[in-house]
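Colleague: Sending over a structure as structure tokens; questions will come in a sec.
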Amino acid sequence: MTFESKIVIITGASSGIGAGAAIHFSKLGANIVITGRNEINLKEIQEKCGSKVLAIVADVNDEADRHKIINSTIENFGRIDVLVNNAGVGEAGTILTTSLEQYDKVMNTNVRSVFHLTQLATPYLIKTRGNIVNVSSVAGPRQFPNLLSYCMSKAALDQFTKCVALELAPEGVRVNSINPAFIVTNFHKRLGMNEEAYESFKLRAKETHALGRVGTTEETANAIAFLANNDLASFITGTCLLVDGGKAVMCPR
Ligand SMILES: NC(=O)c1ccc[n+]([C@@H]2O[C@H](COP(=O)([O-])OP(=O)(O)OC[C@H]3O[C@@H](n4cnc5c(N)ncnc54)[C@H](OP(=O)(O)O)[C@@H]3O)[C@@H](O)[C@H]2O)c1
């Protein structure tokens, strides 16, 4: 299948996994709608994506901005074929140390905004028999210390993926997620890691990932595009696809 006439929305495309997906989908010929809060970064990615790209500066936690993403897409392109719910944040913290502000930020960004944006996009996806790819994490099906609200948010996102897949299957709309482990992006530094901590975390990933290395945004982009491809992934819905270098099958011994 070609993405030539397809309209693909990617949230959080101003950095990391979303930016990688945007560049990949443009290489596949898609018209893409990229969103993010950081206008300068978004512009930079837009320039790497050629001419078939609409960039929308939007905060996914702002209700009016969520309407803006969908309305501008329809005004410009008249349809939606793929929604990639990628924008997300983490916060370090345990049950004793996570503030309610941190909890709300993570749950609002990673779950509430996805719920509402999907709700707004669904009537258009039904018309095109399109599909949704959520960017979850290995932290959905697995537990990691000091990441309580993040793990909870991604577990909720995985359940959302499966429930909505069930609801939209009769409409011919597929819903899946990718669940990455350590991918090199700005994510961990935004979590508060300094350069030194980041480098040592990256080094340790050789032992925590069965394949002995961290992943790249090209590898997540390939997985997103595979799930979004109505030919290659035509019989796949409700799947949370680990893109984790075998991290989830590792077990301390
Ligand atoms: N990197 C990893 O190891 C890893 C592993 C598993 C899952 N993930 C997931 O992958 C997704 C992307 O993360 P990343 O690794 O690419 O991190 P990143 O480089 O920090 O990128 C995060 C993206 O999300 C956007 N974003 C965050 N909050 C937003 C908001 N309120 N409104 C609009 N956009 C917002 C950011 O946009 P602005 O900068 O413009 O605000 C940015 O484009 C997240 O859902 C994350 O949970 C990452």
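Going by the structure tokens order, chains are called A, B, ..., each with residues numbered from 1, while ligands are numbered from 1 in the order shown.
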List all protein, DNA and RNA residues that have any atom at most 8 Å from ligand 1, counting only C-alpha atoms and all ligand atoms, and write the list as a PyMOL selection string.

Modeller: chain A and resi 11-19+35-39+41-42+57-62+85-90+109-110+135-139+150+154+179-190+215+217

Colleague: Check the DSSP output for the backbone and give back, as a VMD selection string, the residues of region 44-138 of chain A in strand (DSSP E).

Modeller: chain A and resid 53 to 57 82 to 85 131 to 135

Colleague: Under the rule that only C-alpha atoms are counted, which of A:Ala233, A:Ile10, A:Leu96, A:Ala223 is the nearest residue to Arg174 (chain A)?

Modeller: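 Among A:Ala233, A:Ile10, A:Leu96, A:Ala223, it is A:Ala233 that comes nearest to Arg174 (chain A).
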
Colleague: Please provide as a list in words all residues within 10 Å of Ser26 (chain A), with the sequence filter that same-chain residues fewer than 3 positions apart are discarded (counting only C-alpha atoms).

Modeller: Phe3, Glu4, Val8, Ala21, Ala22, Ile23, Gly29, Ala30, Asn31, Ile32, Gln46, Lys48, Cys49, Gly50, Ser51, Lys52 and Val53 of chain A

Colleague: Atoms to include: C-alpha atoms. Write the selected residues as a short mmCIF file (atom, residue, chain, number, x, y, z; two decimals), in the first residue's frame.

Modeller:
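Generated output (part38.cif):
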```cif
data_model
loop_
_atom_site.label_atom_id
_atom_site.label_comp_id
_atom_site.auth_asym_id
_atom_site.auth_seq_id
_atom_site.Cartn_x
_atom_site.Cartn_y
_atom_site.Cartn_z
CA PHE A 3 0.47 6.39 1.63
CA GLU A 4 0.40 8.73 -1.40
CA VAL A 8 -1.69 11.13 8.64
CA ALA A 21 7.51 9.05 12.25
CA ALA A 22 6.77 12.32 10.45
CA ILE A 23 9.94 12.06 8.35
CA GLY A 29 4.37 9.83 0.25
CA ALA A 30 1.77 10.70 2.89
CA ASN A 31 0.30 14.12 3.52
CA ILE A 32 1.15 14.69 7.14
CA GLN A 46 8.43 20.49 8.81
CA LYS A 48 12.67 17.88 6.71
CA CYS A 49 9.28 16.57 5.54
CA GLY A 50 8.96 18.20 2.12
CA SER A 51 5.89 20.04 0.87
CA LYS A 52 2.96 17.79 1.87
CA VAL A 53 2.97 18.85 5.48
#
```

Colleague: To test your reading of the structure, identify every residue in region 136-192 of chain A that backbone DSSP assigns to helix (DSSP H, G or I), and report it as a list in words.

Modeller: Leu148, Ser149, Tyr150, Cys151, Met152, Ser153, Lys154, Ala155, Ala156, Leu157, Asp158, Gln159, Phe160, Thr161, Lys162, Cys163, Val164, Ala165, Leu166, Glu167, Leu168, Ala169, Pro170, Glu171, Phe187, His188, Lys189 and Arg190 of chain A

Colleague: Any chance you can output those residues with N, CA, C and O atoms as an mmCIF file, in the first residue's frame?

Modeller:
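Result file part03.cif:
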```cif
data_model
loop_
_atom_site.group_PDB
_atom_site.id
_atom_site.type_symbol
_atom_site.label_atom_id
_atom_site.label_comp_id
_atom_site.auth_asym_id
_atom_site.auth_seq_id
_atom_site.Cartn_x
_atom_site.Cartn_y
_atom_site.Cartn_z
ATOM 1 N N LEU A 148 5.905 5.615 38.667
ATOM 2 C CA LEU A 148 4.548 5.125 38.949
ATOM 3 C C LEU A 148 3.483 5.714 38.039
ATOM 4 O O LEU A 148 2.730 4.982 37.393
ATOM 5 N N SER A 149 3.407 7.046 37.971
ATOM 6 C CA SER A 149 2.310 7.641 37.187
ATOM 7 C C SER A 149 2.484 7.323 35.695
ATOM 8 O O SER A 149 1.496 7.104 34.988
ATOM 9 N N TYR A 150 3.723 7.271 35.238
ATOM 10 C CA TYR A 150 3.980 6.962 33.828
ATOM 11 C C TYR A 150 3.528 5.533 33.501
ATOM 12 O O TYR A 150 2.822 5.295 32.512
ATOM 13 N N CYS A 151 3.928 4.572 34.336
ATOM 14 C CA CYS A 151 3.519 3.181 34.100
ATOM 15 C C CYS A 151 1.993 3.068 34.103
ATOM 16 O O CYS A 151 1.409 2.389 33.249
ATOM 17 N N MET A 152 1.356 3.754 35.063
ATOM 18 C CA MET A 152 -0.119 3.716 35.123
ATOM 19 C C MET A 152 -0.726 4.286 33.846
ATOM 20 O O MET A 152 -1.694 3.744 33.300
ATOM 21 N N SER A 153 -0.152 5.397 33.367
ATOM 22 C CA SER A 153 -0.727 6.062 32.184
ATOM 23 C C SER A 153 -0.609 5.163 30.953
ATOM 24 O O SER A 153 -1.532 5.085 30.143
ATOM 25 N N LYS A 154 0.511 4.471 30.814
ATOM 26 C CA LYS A 154 0.690 3.648 29.621
ATOM 27 C C LYS A 154 -0.130 2.355 29.728
ATOM 28 O O LYS A 154 -0.587 1.824 28.702
ATOM 29 N N ALA A 155 -0.340 1.852 30.937
ATOM 30 C CA ALA A 155 -1.231 0.690 31.112
ATOM 31 C C ALA A 155 -2.654 1.096 30.719
ATOM 32 O O ALA A 155 -3.371 0.343 30.042
ATOM 33 N N ALA A 156 -3.053 2.305 31.109
ATOM 34 C CA ALA A 156 -4.389 2.801 30.740
ATOM 35 C C ALA A 156 -4.481 2.971 29.219
ATOM 36 O O ALA A 156 -5.500 2.629 28.608
ATOM 37 N N LEU A 157 -3.419 3.465 28.631
ATOM 38 C CA LEU A 157 -3.412 3.659 27.174
ATOM 39 C C LEU A 157 -3.550 2.314 26.446
ATOM 40 O O LEU A 157 -4.263 2.208 25.444
ATOM 41 N N ASP A 158 -2.897 1.279 26.966
ATOM 42 C CA ASP A 158 -2.999 -0.048 26.328
ATOM 43 C C ASP A 158 -4.435 -0.577 26.409
ATOM 44 O O ASP A 158 -4.949 -1.155 25.448
ATOM 45 N N GLN A 159 -5.073 -0.358 27.550
ATOM 46 C CA GLN A 159 -6.468 -0.796 27.681
ATOM 47 C C GLN A 159 -7.357 0.017 26.739
ATOM 48 O O GLN A 159 -8.268 -0.519 26.120
ATOM 49 N N PHE A 160 -7.062 1.305 26.617
ATOM 50 C CA PHE A 160 -7.786 2.177 25.682
ATOM 51 C C PHE A 160 -7.648 1.621 24.259
ATOM 52 O O PHE A 160 -8.638 1.495 23.522
ATOM 53 N N THR A 161 -6.428 1.280 23.874
ATOM 54 C CA THR A 161 -6.172 0.728 22.535
ATOM 55 C C THR A 161 -7.054 -0.502 22.292
ATOM 56 O O THR A 161 -7.716 -0.620 21.253
ATOM 57 N N LYS A 162 -7.073 -1.395 23.277
ATOM 58 C CA LYS A 162 -7.804 -2.654 23.074
ATOM 59 C C LYS A 162 -9.325 -2.433 23.077
ATOM 60 O O LYS A 162 -10.045 -3.022 22.263
ATOM 61 N N CYS A 163 -9.802 -1.597 23.997
ATOM 62 C CA CYS A 163 -11.259 -1.352 24.057
ATOM 63 C C CYS A 163 -11.739 -0.648 22.795
ATOM 64 O O CYS A 163 -12.774 -1.010 22.230
ATOM 65 N N VAL A 164 -11.001 0.373 22.345
ATOM 66 C CA VAL A 164 -11.442 1.116 21.168
ATOM 67 C C VAL A 164 -11.305 0.240 19.916
ATOM 68 O O VAL A 164 -12.125 0.329 18.989
ATOM 69 N N ALA A 165 -10.303 -0.630 19.903
ATOM 70 C CA ALA A 165 -10.177 -1.571 18.776
ATOM 71 C C ALA A 165 -11.439 -2.418 18.658
ATOM 72 O O ALA A 165 -11.966 -2.639 17.561
ATOM 73 N N LEU A 166 -11.921 -2.872 19.803
ATOM 74 C CA LEU A 166 -13.134 -3.688 19.827
ATOM 75 C C LEU A 166 -14.343 -2.876 19.355
ATOM 76 O O LEU A 166 -15.159 -3.343 18.552
ATOM 77 N N GLU A 167 -14.431 -1.636 19.844
ATOM 78 C CA GLU A 167 -15.573 -0.787 19.491
ATOM 79 C C GLU A 167 -15.591 -0.433 18.007
ATOM 80 O O GLU A 167 -16.649 -0.365 17.388
ATOM 81 N N LEU A 168 -14.415 -0.201 17.443
ATOM 82 C CA LEU A 168 -14.375 0.306 16.064
ATOM 83 C C LEU A 168 -14.167 -0.782 15.011
ATOM 84 O O LEU A 168 -14.233 -0.495 13.811
ATOM 85 N N ALA A 169 -13.950 -2.010 15.448
ATOM 86 C CA ALA A 169 -13.755 -3.097 14.473
ATOM 87 C C ALA A 169 -14.937 -3.223 13.514
ATOM 88 O O ALA A 169 -14.733 -3.370 12.297
ATOM 89 N N PRO A 170 -16.193 -3.145 14.009
ATOM 90 C CA PRO A 170 -17.313 -3.255 13.051
ATOM 91 C C PRO A 170 -17.318 -2.137 12.012
ATOM 92 O O PRO A 170 -17.943 -2.263 10.958
ATOM 93 N N GLU A 171 -16.636 -1.032 12.305
ATOM 94 C CA GLU A 171 -16.576 0.097 11.361
ATOM 95 C C GLU A 171 -15.378 -0.041 10.413
ATOM 96 O O GLU A 171 -15.119 0.842 9.588
ATOM 97 N N PHE A 187 13.318 12.340 25.626
ATOM 98 C CA PHE A 187 12.401 11.926 26.688
ATOM 99 C C PHE A 187 13.066 11.842 28.071
ATOM 100 O O PHE A 187 12.554 12.385 29.048
ATOM 101 N N HIS A 188 14.215 11.167 28.139
ATOM 102 C CA HIS A 188 14.822 10.921 29.451
ATOM 103 C C HIS A 188 15.398 12.195 30.055
ATOM 104 O O HIS A 188 15.345 12.389 31.262
ATOM 105 N N LYS A 189 15.917 13.068 29.196
ATOM 106 C CA LYS A 189 16.445 14.341 29.711
ATOM 107 C C LYS A 189 15.287 15.193 30.226
ATOM 108 O O LYS A 189 15.413 15.874 31.241
ATOM 109 N N ARG A 190 14.144 15.123 29.551
ATOM 110 C CA ARG A 190 12.972 15.861 30.042
ATOM 111 C C ARG A 190 12.470 15.287 31.363
ATOM 112 O O ARG A 190 11.802 15.961 32.135
#
```

Colleague: Check the smallest atom-to-atom distance from each of A:Ala221, A:Leu147, A:Cys240, A:Ile7 to Leu83 (chain A) using only C-alpha atoms, then report the winner.

Modeller: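 Residue with the minimum atom-to-atom distance to Leu83 (chain A): A:Ile7.
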
Colleague: Using only C-alpha atoms, find the one residue out of A:Gly245, A:Gly93, A:Gly20, A:Gly78 that sits nearest to Leu191 (chain A).

Modeller: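 Residue with the minimum atom-to-atom distance to Leu191 (chain A): A:Gly93.
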
Colleague: Here is a test: counting only C-alpha atoms, which residue of A:Ala225, A:Lys68, A:Arg112, A:Val82 is nearest to Val175 (chain A)?

Modeller: A:Val82

Colleague: I'd like to know which of A:Ala64, A:Ile236, A:Ile45, A:Ile80 is closest to Ser5 (chain A), using only C-alpha atoms.

Modeller: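 Smallest separation from Ser5 (chain A) among the options: A:Ile80.
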
Colleague: Of the candidates A:Ala121, A:Val133, A:Ala210, A:Ile9, which one gets nearest to Ala228 (chain A) if we count only C-alpha atoms?

Modeller: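 Smallest distance to Ala228 (chain A) is found for A:Val133.
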
Colleague: Can you tell me how far CA of Lys127 (chain A) sits from CA of Asp65 (chain A), in Å to one decimal?

Modeller: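 Atom-to-atom, CA of Lys127 (chain A) to CA of Asp65 (chain A), that is 22.8 Å.
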